[in-house]
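> Have a look at the structure that comes next, please.
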Amino acid sequence: PWTSFMAKTGSSINHAPIVSIDNQSIVEGKKKEDMYLLVRGNDADGDPILSYEVKDTVGINNFEIDGVAVDATSGYVFNAKKLNDLFLKADASSSTQTLSVRANDGIAWGPWTNFTLTSQANIAPVVSSIANQTVKLNTLKNISSLVSVSDANGDTITKYKVKDTTGANSFYVSGSAVNATGVNGYEFASSALSTLSIKGDASGSSQTLQIAANDGTAWGAWTNFTLTSQANVAPVVSSIADQTVKTDATKNISSAVSVTDVNGDTITKYKVK
């Protein structure tokens with residue numbers, strides 16, 4: 001006799017994976033090492049991506065695997081597991097070119113996805129203007145919070161340099177005076193910016209100090225500000241009106257005591273006579 005059974009069929013058509021990636025801008029000679037976050041492969045069938053292929057028809061070896069440039073002029077195939085090791089390197093000079101990438105799900109290659117790589121000239125960082133500073137004689141003042149830098153390429157600031165042409169060691173870094181008298185001043189890592197301080201001279205003076213920033217590629221221009229070392233001026237107690245008090249009585253006169261200090265110092269103590 002016949003034996004019955006049910007056969008269930010589905011689509012036998014494979015959908016090749018599609019890759020999406022945005023256009024990229026990188027400073028000349030630098031690399032983008034997070035390509036694994038930017039290359040997005042999608043397979044409508046839910047198949048895993050097994051391999052990728054990149055293509056650079058200009059042939060300037062903009063793609064790197066494991067830190068080594070690959071020749072992708074006719075395409076370069078690599079295992080999907082190596083996507084984390086895919087880097088993109090800008091050209092040595094300003095340029096714009098089209099690169100391509102596609103994915104394979106073990107059955108078929110998807111279409112090429114093109115994106116533009118712009119190798120962008122580096123723009124040196126700019127230290128914003130710093131207000132002129134007035135500091136008491138031989139007194140330290142931390143100015144790290146006054147240093148603000150902008151970088152048009154979005155680069156991270158790697159180091160700073162300060163200059164003091166008068167030569168009185170007005171700058172302190174990490175708690176120590178630094179010699180910033182040279183043409184190039186004194187360089188220090190950006191990690192030490194929080195310790196940057198200036199110190200007033202031993203006598204009244206006014207001088208120009210400078211600071212510049214580096215984005216790992218180039219130094220920006222110097223930003224100038226004035227340091228005025230100001231002698232301390234003793235506080236002045238304003239005149240107090242004559243007081244009339246009853247015999248053997250007590251009167252609180254704290255509200256009658258008013259003090260001014262041109263240096264803006266906090267009053268620490270009083271004396272009466």
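Residue numbers start at 1 in each chain; chains themselves are named A, B, ... in the order of the structure tokens; ligands are numbered from 1 in the order shown.
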Any idea what's packed within 8 Å of Asn42 of chain A, counting only C-alpha atoms, ignoring anything in its chain fewer than 6 positions away? Could you give it as a list in words?
Pro17, Ile18 and Val19 of chain A
> Got time to write the residues from that selection, all heavy atoms, as a PDB file, in the first residue's frame?

```pdb
ATOM      1  N   PRO A  17      24.721  38.529   0.816  1.00  0.00           N
ATOM      2  CA  PRO A  17      24.818  39.568   1.854  1.00  0.00           C
ATOM      3  C   PRO A  17      25.118  40.949   1.271  1.00  0.00           C
ATOM      4  O   PRO A  17      25.743  41.079   0.227  1.00  0.00           O
ATOM      5  CB  PRO A  17      25.966  39.082   2.736  1.00  0.00           C
ATOM      6  CG  PRO A  17      26.797  38.235   1.825  1.00  0.00           C
ATOM      7  CD  PRO A  17      25.840  37.568   0.883  1.00  0.00           C
ATOM      8  N   ILE A  18      24.651  41.942   1.994  1.00  0.00           N
ATOM      9  CA  ILE A  18      24.852  43.344   1.604  1.00  0.00           C
ATOM     10  C   ILE A  18      25.717  44.025   2.662  1.00  0.00           C
ATOM     11  O   ILE A  18      25.487  43.872   3.863  1.00  0.00           O
ATOM     12  CB  ILE A  18      23.502  44.094   1.492  1.00  0.00           C
ATOM     13  CG1 ILE A  18      22.565  43.388   0.506  1.00  0.00           C
ATOM     14  CG2 ILE A  18      23.731  45.550   1.081  1.00  0.00           C
ATOM     15  CD1 ILE A  18      23.062  43.385  -0.924  1.00  0.00           C
ATOM     16  N   VAL A  19      26.693  44.795   2.219  1.00  0.00           N
ATOM     17  CA  VAL A  19      27.566  45.533   3.132  1.00  0.00           C
ATOM     18  C   VAL A  19      27.224  47.020   3.071  1.00  0.00           C
ATOM     19  O   VAL A  19      26.983  47.565   1.989  1.00  0.00           O
ATOM     20  CB  VAL A  19      29.054  45.344   2.768  1.00  0.00           C
ATOM     21  CG1 VAL A  19      29.944  46.260   3.606  1.00  0.00           C
ATOM     22  CG2 VAL A  19      29.462  43.892   2.963  1.00  0.00           C
TER      23      VAL A  19
END
```
> For the structure I just gave you, how does DSSP split segment 34-152 of chain A - specifically, which residues are strand (DSSP E or B)? Reply as an MDAnalysis selection string.
chainID A and resid 40:42 51:55 63:65 68:69 76:79 86:89 95:104 109 113:120 126:127 133:136 140:142 149:150
> Just the residues within 12 Å of segment 25-34 of chain A, please, counting only C-alpha atoms, with nothing from its chain fewer than 5 positions along; format it as a ChimeraX atom specification.
/A:39,60-69,83-98,115-124,151-155,215-218
> For Asp56 of chain A, work out the shell of residues within 6 Å, counting only C-alpha atoms and skipping chain neighbours fewer than 4 positions away, then give it as a list in words.
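These residues fall inside the cut-off: Ala72, Thr73 and Leu99 of chain A.
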> Which one is closest to Val147 of chain A: A:Ser51, A:Asn169, A:Thr223, A:Ser174? Count only C-alpha atoms.
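Among the listed residues, the smallest separation from Val147 of chain A belongs to A:Thr223.
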> Could you work out how far atom CA of Lys159 of chain A lies from atom CA of Gly185 of chain A, giving the answer in Å with one decimal?
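Atom CA of Gly185 of chain A sits 12.6 Å away from atom CA of Lys159 of chain A.
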> Residues within 12 Å of segment 186-195 of chain A, please, as a ChimeraX atom specification. Count only C-alpha atoms; anything in the same chain fewer than 6 positions from it doesn't count.
/A:140-149,156-165,167,169-180,209-216,219
> Do a neighbour search on Pro235 of chain A at 8 Å with only C-alpha atoms, toss out local chain neighbours closer than 3 positions, and write the hits as a PyMOL selection string.
chain A and resi 259-262+267
> So how far away is atom CA of Ile198 of chain A from atom CA of Gly182 of chain A, in Å?
17.2 Å
